[in-house]
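Engineer: Pasting a structure below so you can have a look.
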Amino acid sequence: MASTLLCTLEITVISGEDLRNNRRPIKKNAFVVVRTDSYNSRRTDMDTDNGSYPKWNEKLVVDMSMHAQFITLEVQCKTSLGNKTVGTTRIPVSDFVGGYVPESYLHFLSYRLRDQNGERNGIVNISVRVKVPEYASCSRTELGIPLGMGVALGQRNFGGGIVTGVPVLCTCPGKY
């Protein structure tokens, strides 16, 4: 994707519940495809053992445009005729971005899946965390700079002067 306005999501696909293919419980080979847009998608491994109650517990790291409004999860199963979509859900980005929780907060979410006819077809359980860039997790003490202090620039950098910082609230756990 050409846009530089990206954030990174850590989506852990935990499990599915009551997944069906043509109203019959699926037997095996279920997997999940996570899409943030047409350029960014990841998929889990297949669960070959748990039938219509699959367990993946697999973390997927995927980039998402800052302007995205939804991410899509498709639960599919491998059949003798190829991959068949069991159910799909569109997750509003507002469910895990913004609000009164820190950016790196771990959200546990469950969503109803719908089949190609719009009928209810199971549930998918996930967790989502917006990954904070490394530079944003540095505290002022780790940098060795007291809050509000400027850093003097040498003559090589823009002719000298003082750089002043803007205080930013760090919402990273364990960094205080």
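Identifiers in the structure tokens: chain A, B, ... in order shown; residue index from 1 per chain; ligand index from 1 in order shown.
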For A:Tyr105, work out the shell of residues within 8 Å, counting only C-alpha atoms and skipping chain neighbours fewer than 2 positions away, then give it as a PDB file with N, CA and C atoms, in the first residue's frame.
Structural biologist:
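File produced: selection_32.pdb:
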```pdb
ATOM      1  N   VAL A 101      -9.664   4.134  26.361  1.00  0.00           N
ATOM      2  CA  VAL A 101      -8.658   3.139  26.733  1.00  0.00           C
ATOM      3  C   VAL A 101      -7.334   3.471  26.038  1.00  0.00           C
ATOM      4  N   PRO A 102      -6.211   3.069  26.627  1.00  0.00           N
ATOM      5  CA  PRO A 102      -4.917   3.329  25.997  1.00  0.00           C
ATOM      6  C   PRO A 102      -4.805   2.629  24.641  1.00  0.00           C
ATOM      7  N   GLU A 103      -3.925   3.159  23.779  1.00  0.00           N
ATOM      8  CA  GLU A 103      -3.753   2.584  22.437  1.00  0.00           C
ATOM      9  C   GLU A 103      -3.374   1.116  22.468  1.00  0.00           C
ATOM     10  N   HIS A 107      -8.132  -5.819  23.561  1.00  0.00           N
ATOM     11  CA  HIS A 107      -9.584  -5.969  23.491  1.00  0.00           C
ATOM     12  C   HIS A 107      -9.926  -7.425  23.178  1.00  0.00           C
ATOM     13  N   ARG A 129      -5.100  -5.780  19.514  1.00  0.00           N
ATOM     14  CA  ARG A 129      -4.266  -4.764  20.154  1.00  0.00           C
ATOM     15  C   ARG A 129      -3.675  -3.899  19.056  1.00  0.00           C
ATOM     16  N   VAL A 130      -3.769  -2.577  19.216  1.00  0.00           N
ATOM     17  CA  VAL A 130      -3.111  -1.661  18.300  1.00  0.00           C
ATOM     18  C   VAL A 130      -1.673  -1.567  18.778  1.00  0.00           C
TER      19      VAL A 130
END
```
Engineer: So, counting only C-alpha atoms, which residue among A:Thr48, A:Asn57, A:Asn21, A:Asn83 is closest to A:Arg120?
Structural biologist: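 The shortest atom-to-atom distance to A:Arg120 comes from A:Asn21.
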Engineer: Between A:Asn117, A:Phe70, A:Val75, A:Arg112, which one has atoms that come closest to A:Asp95, using only C-alpha atoms?
Structural biologist: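 Smallest separation from A:Asp95 among the options: A:Phe70.
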Engineer: So how far away is atom CA of A:Thr12 from atom CA of A:Gln76, in Å?
Structural biologist: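 That distance, rounded to one decimal, is 16.6 Å.
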Engineer: Distance atom CA of A:Pro25-atom CA of A:Gly51, one decimal place?
Structural biologist: 7.3 Å
Engineer: Could you check how far atom CA of A:Asp45 sits from atom CA of A:Gly87, in Å to one decimal?
Structural biologist: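 Spanning atom CA of A:Asp45 to atom CA of A:Gly87 is a straight-line distance of 16.8 Å.
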Engineer: My list of candidates is A:Leu19, A:Val13, A:Val33, A:Cys7. Which is closest to A:Val128 when distances are computed with only C-alpha atoms?
Structural biologist: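 Nearest candidate to A:Val128 out of A:Leu19, A:Val13, A:Val33, A:Cys7: A:Val13.
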Engineer: Which is closest to A:His67 among A:Leu109, A:Leu81, A:Ile11, A:Val93, if we use only C-alpha atoms?
Structural biologist: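 Among the listed residues, the smallest separation from A:His67 belongs to A:Val93.
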Engineer: Could you name the residues that touch A:Tyr53 at 8 Å or less, counting only C-alpha atoms, but leaving out those on the same chain fewer than 3 positions away, as an MDAnalysis selection string?
Structural biologist: chainID A and resid 15:19 50
Engineer: Leaving out A:Thr79 and any residue of its chain fewer than 6 positions from it, which residues lie within 10 Å of it when counting only C-alpha atoms, given as a PyMOL selection string?
Structural biologist: chain A and resi 26-30
